[in-house]
Amino acid sequence: MKLIIAIIQPHKLEAVKRELEAVDVNLMTVSNVLGQGRQKGVTEIYRGAKEAGGLLNKIRLDIAVNEDFVEPTIKAITKGSHTGSVGDGKIFVVELAECIRISSGERGGVAIG
Amino acid sequence: MNSGDTAWVLTASALVLLMTIPGLAFFYGGLVRRKNVLSILMQCFIIVCVVSLQWMLFGYSLAFGPDFHGIIGKLDWLGLAGVGSLPNPDYSKGIPHYAFMIFQAMFAIITPALIIGAYAERVKFSAFLVFTLLWTTFVYDPLAHWVWGVGGWMRNLGALDFAGGIVVHVSSGISALVLALLLGKRIGYNHRPIRPHNLPFTVLGAALLWFGWFGFNAGSALAADGLAANAFVTTHMATAAAGLTWALVEWWHNGTPTILGAATGAVAGLVAVTPACGFVNPMNAMFIGMIVAVVCYLAVAIIKSKLGYDDSLDAFGVHGVGGTVGTIATGLFAEKAVNAAGANGLFFGNAHQLYVQSLSLLVAVGFAVIMTFIIFKIVDAIMGMRVEEHNEIVGLDLTQQSEAAYTVIE
């Protein structure tokens, strides 16, 4: 099992969701997050004072998948969010030690989907 | 008594109340961090309650009661004794004395509320209450008497302050600076504005201030007449000019115009035209708006950050500086052709008026600085004006009021 964490542009969320559903990945957690990458954030101005390094709005997806879904999930996220410019985001893949479905008590791979 | 005049002054009184709540409350409330927004709303709201009662019990008598040597009103009108439904010809033949009294009450309310901008996000609520009551009694009431009370020495000197440039804006603005210096910076303040938590609130508040200010300025004619129309038009044009000028200046200086800038400029324009609105023509009001926007921009965006004091929401930079510009500008642009009861300014051949305006300004500033200093020291010694460090970090909403403005989790 793997946990896939993706940081994407907010306006790409719909496209990414569509691509994920197309490869039968339907379960995800979505959060609003702030961050900066190579773009170095934005400049904001309040009453004449410039504030460099304001953080940018991003969307974070947390998706737990079984091994055979890892590559399709990565491909779907990439397909939905890629533009080729800086700020497209990142995908992190980490080992997932356990998964428990609270309603039934099921554990492991069967609890993920 | 004139029914039209009475209707207008009562309406104008309600408009001036609208300036404090919700106008100023949201203007300031949007500028603070989310953990402190309720503290601003509470301070504005409770000032309406406290100062209204102070005004009825003794404040109105101190400010407008029978004169005592030009410096204060006598206590003949305690609890509004002798203030009734009939006109007081000393102030206006056309409206009930009650109408004049309640119109002035709204001015006494907004003045200490303006000061909130200087100590926002770090003042202890109990100390704020005591300070506000003392400041209204010992700074606002005497100043109102000097400038507007029959027999007041500045009024007799011939100082022109149509709607409160000196009494309201200079007095609150300079007191705000004294408080900002005495109270010290907010934790984490580093010579730069702390990011506002809700600019739409601030813009809503500024727009309500603009709307209510028609009552403040045009209502100060105390009649539904040509002078009120003049004050209405000059108020509007100065504000429009100041809002546009501020946006253009920062466009040139910083590369982009901002809505916070346009709103701040508009408020600066409202402040500056306040003493002048019943004495100048609309074209000159426009010039006053343009001048004050540039001067306040310099004060807020450049000078404040160099000097390093933390006037959290620019109560001094907008009201103190704007009120000063307006008071001096009245000595330049005033003309008897607009208001025969007024005077000509320097540009209409009367240099003396500029001298009177400057003298009144200096005395008012000196008085407000000394009195604010004394009141602060007394209240600070007895109960402490500033919240403890831990409470400031957690925020005033939770530590002073045990409530939060926004839920993050359902």
# chains A, B, ... in the order shown; residues from 1 in each chain; ligands from 1

call {"tool": "interface_residues", "arguments": {"of": "chain B", "to": "chain A", "cutoff": "8 Å", "atoms": "only C-alpha atoms", "output": "list of chain:residue names"}}
result
B:Arg192, B:Pro193, B:Arg195, B:Glu250, B:Asn254, B:Thr258, B:Leu260, B:Gly261, B:Thr264, B:Tyr297, B:Val300, B:Ala301, B:Ile302

call {"tool": "select_by_dssp", "arguments": {"residues": "segment 55-99 of chain A", "states": "helix (DSSP H, G or I)", "output": "list of chain:residue names"}}
result
A:Glu67, A:Asp68, A:Phe69, A:Val70, A:Glu71, A:Pro72, A:Thr73, A:Ile74, A:Lys75, A:Ala76, A:Ile77, A:Thr78, A:Lys79, A:Gly80, A:Ser81

call {"tool": "write_last_selection", "arguments": {"atoms": "N, CA and C atoms", "output": "mmCIF file, in the first residue's frame"}}
result
data_model
loop_
_atom_site.group_PDB
_atom_site.id
_atom_site.type_symbol
_atom_site.label_atom_id
_atom_site.label_comp_id
_atom_site.auth_asym_id
_atom_site.auth_seq_id
_atom_site.Cartn_x
_atom_site.Cartn_y
_atom_site.Cartn_z
ATOM 1 N N GLU A 67 -0.898 -1.427 -4.457
ATOM 2 C CA GLU A 67 0.278 -1.328 -5.328
ATOM 3 C C GLU A 67 -0.078 -1.182 -6.808
ATOM 4 N N ASP A 68 -1.065 -1.984 -7.288
ATOM 5 C CA ASP A 68 -1.342 -1.949 -8.731
ATOM 6 C C ASP A 68 -2.038 -0.645 -9.161
ATOM 7 N N PHE A 69 -2.429 0.189 -8.219
ATOM 8 C CA PHE A 69 -3.046 1.461 -8.581
ATOM 9 C C PHE A 69 -2.064 2.640 -8.532
ATOM 10 N N VAL A 70 -0.823 2.386 -8.047
ATOM 11 C CA VAL A 70 0.119 3.496 -7.847
ATOM 12 C C VAL A 70 0.424 4.217 -9.151
ATOM 13 N N GLU A 71 0.876 3.481 -10.167
ATOM 14 C CA GLU A 71 1.257 4.129 -11.431
ATOM 15 C C GLU A 71 0.060 4.794 -12.118
ATOM 16 N N PRO A 72 -1.097 4.088 -12.225
ATOM 17 C CA PRO A 72 -2.263 4.764 -12.843
ATOM 18 C C PRO A 72 -2.636 6.062 -12.117
ATOM 19 N N THR A 73 -2.534 6.072 -10.775
ATOM 20 C CA THR A 73 -2.882 7.279 -10.017
ATOM 21 C C THR A 73 -1.912 8.413 -10.345
ATOM 22 N N ILE A 74 -0.606 8.091 -10.339
ATOM 23 C CA ILE A 74 0.396 9.109 -10.663
ATOM 24 C C ILE A 74 0.163 9.654 -12.071
ATOM 25 N N LYS A 75 -0.110 8.754 -13.009
ATOM 26 C CA LYS A 75 -0.329 9.188 -14.401
ATOM 27 C C LYS A 75 -1.564 10.080 -14.501
ATOM 28 N N ALA A 76 -2.629 9.708 -13.764
ATOM 29 C CA ALA A 76 -3.873 10.482 -13.835
ATOM 30 C C ALA A 76 -3.681 11.887 -13.265
ATOM 31 N N ILE A 77 -2.984 11.959 -12.132
ATOM 32 C CA ILE A 77 -2.755 13.288 -11.516
ATOM 33 C C ILE A 77 -1.917 14.140 -12.452
ATOM 34 N N THR A 78 -0.870 13.539 -13.014
ATOM 35 C CA THR A 78 0.004 14.279 -13.913
ATOM 36 C C THR A 78 -0.764 14.760 -15.136
ATOM 37 N N LYS A 79 -1.559 13.859 -15.713
ATOM 38 C CA LYS A 79 -2.315 14.214 -16.919
ATOM 39 C C LYS A 79 -3.271 15.377 -16.642
ATOM 40 N N GLY A 80 -3.887 15.350 -15.460
ATOM 41 C CA GLY A 80 -4.879 16.381 -15.146
ATOM 42 C C GLY A 80 -4.277 17.719 -14.773
ATOM 43 N N SER A 81 -3.023 17.722 -14.275
ATOM 44 C CA SER A 81 -2.505 18.975 -13.730
ATOM 45 C C SER A 81 -1.312 19.538 -14.487
#

call {"tool": "closest_residue", "arguments": {"among": "B:Val267, B:Ile95, B:Leu10, B:Leu359", "to": "Phe211 of chain B", "atoms": "only C-alpha atoms"}}
result
B:Val267

call {"tool": "residues_around", "arguments": {"residues": "Val369 of chain B", "least_positions_apart": "3", "cutoff": "8 Å", "atoms": "only C-alpha atoms", "output": "list in words"}}
result
Ile174, Ser175, Val178, Val365, Gly366, Thr372 and Phe373 of chain B

call {"tool": "residues_around", "arguments": {"residues": "Ile91 of chain A", "least_positions_apart": "6", "cutoff": "7 Å", "atoms": "only C-alpha atoms", "output": "JSON, numbers by chain"}}
result
{"A": [4, 5, 6, 7]}

call {"tool": "closest_atom_pairs", "arguments": {"of": "segment 232-276 of chain B", "to": "segment 217-225 of chain B", "cutoff": "12 Å", "atoms": "only C-alpha atoms", "output": "tab-separated table"}}
result
residue	atom	partner	partner_atom	distance
B:Phe232	CA	B:Ala218	CA	5.0
B:Val233	CA	B:Ala218	CA	8.7
B:Thr234	CA	B:Asn217	CA	9.4
B:Thr235	CA	B:Asn217	CA	7.1
B:His236	CA	B:Asn217	CA	10.1
B:Leu270	CA	B:Asn217	CA	9.1
B:Val271	CA	B:Asn217	CA	10.0
B:Ala272	CA	B:Asn217	CA	11.3
B:Val273	CA	B:Asn217	CA	8.6
B:Thr274	CA	B:Asn217	CA	6.2
B:Pro275	CA	B:Asn217	CA	8.5
B:Ala276	CA	B:Asn217	CA	9.3

call {"tool": "write_last_selection", "arguments": {"atoms": "C-alpha atoms", "output": "PDB file, in the first residue's frame"}}
result
ATOM      1  CA  PHE B 232     -22.742  67.664   1.162  1.00  0.00           C
ATOM      2  CA  VAL B 233     -21.214  68.437  -2.255  1.00  0.00           C
ATOM      3  CA  THR B 234     -17.785  69.491  -0.949  1.00  0.00           C
ATOM      4  CA  THR B 235     -17.641  66.369   1.235  1.00  0.00           C
ATOM      5  CA  HIS B 236     -18.391  64.137  -1.711  1.00  0.00           C
ATOM      6  CA  LEU B 270     -13.488  62.769   4.419  1.00  0.00           C
ATOM      7  CA  VAL B 271     -11.328  63.738   7.382  1.00  0.00           C
ATOM      8  CA  ALA B 272      -9.669  66.679   5.650  1.00  0.00           C
ATOM      9  CA  VAL B 273     -12.866  68.174   4.259  1.00  0.00           C
ATOM     10  CA  THR B 274     -14.603  67.949   7.650  1.00  0.00           C
ATOM     11  CA  PRO B 275     -13.458  71.318   9.039  1.00  0.00           C
ATOM     12  CA  ALA B 276     -13.697  72.933   5.599  1.00  0.00           C
TER      13      ALA B 276
END
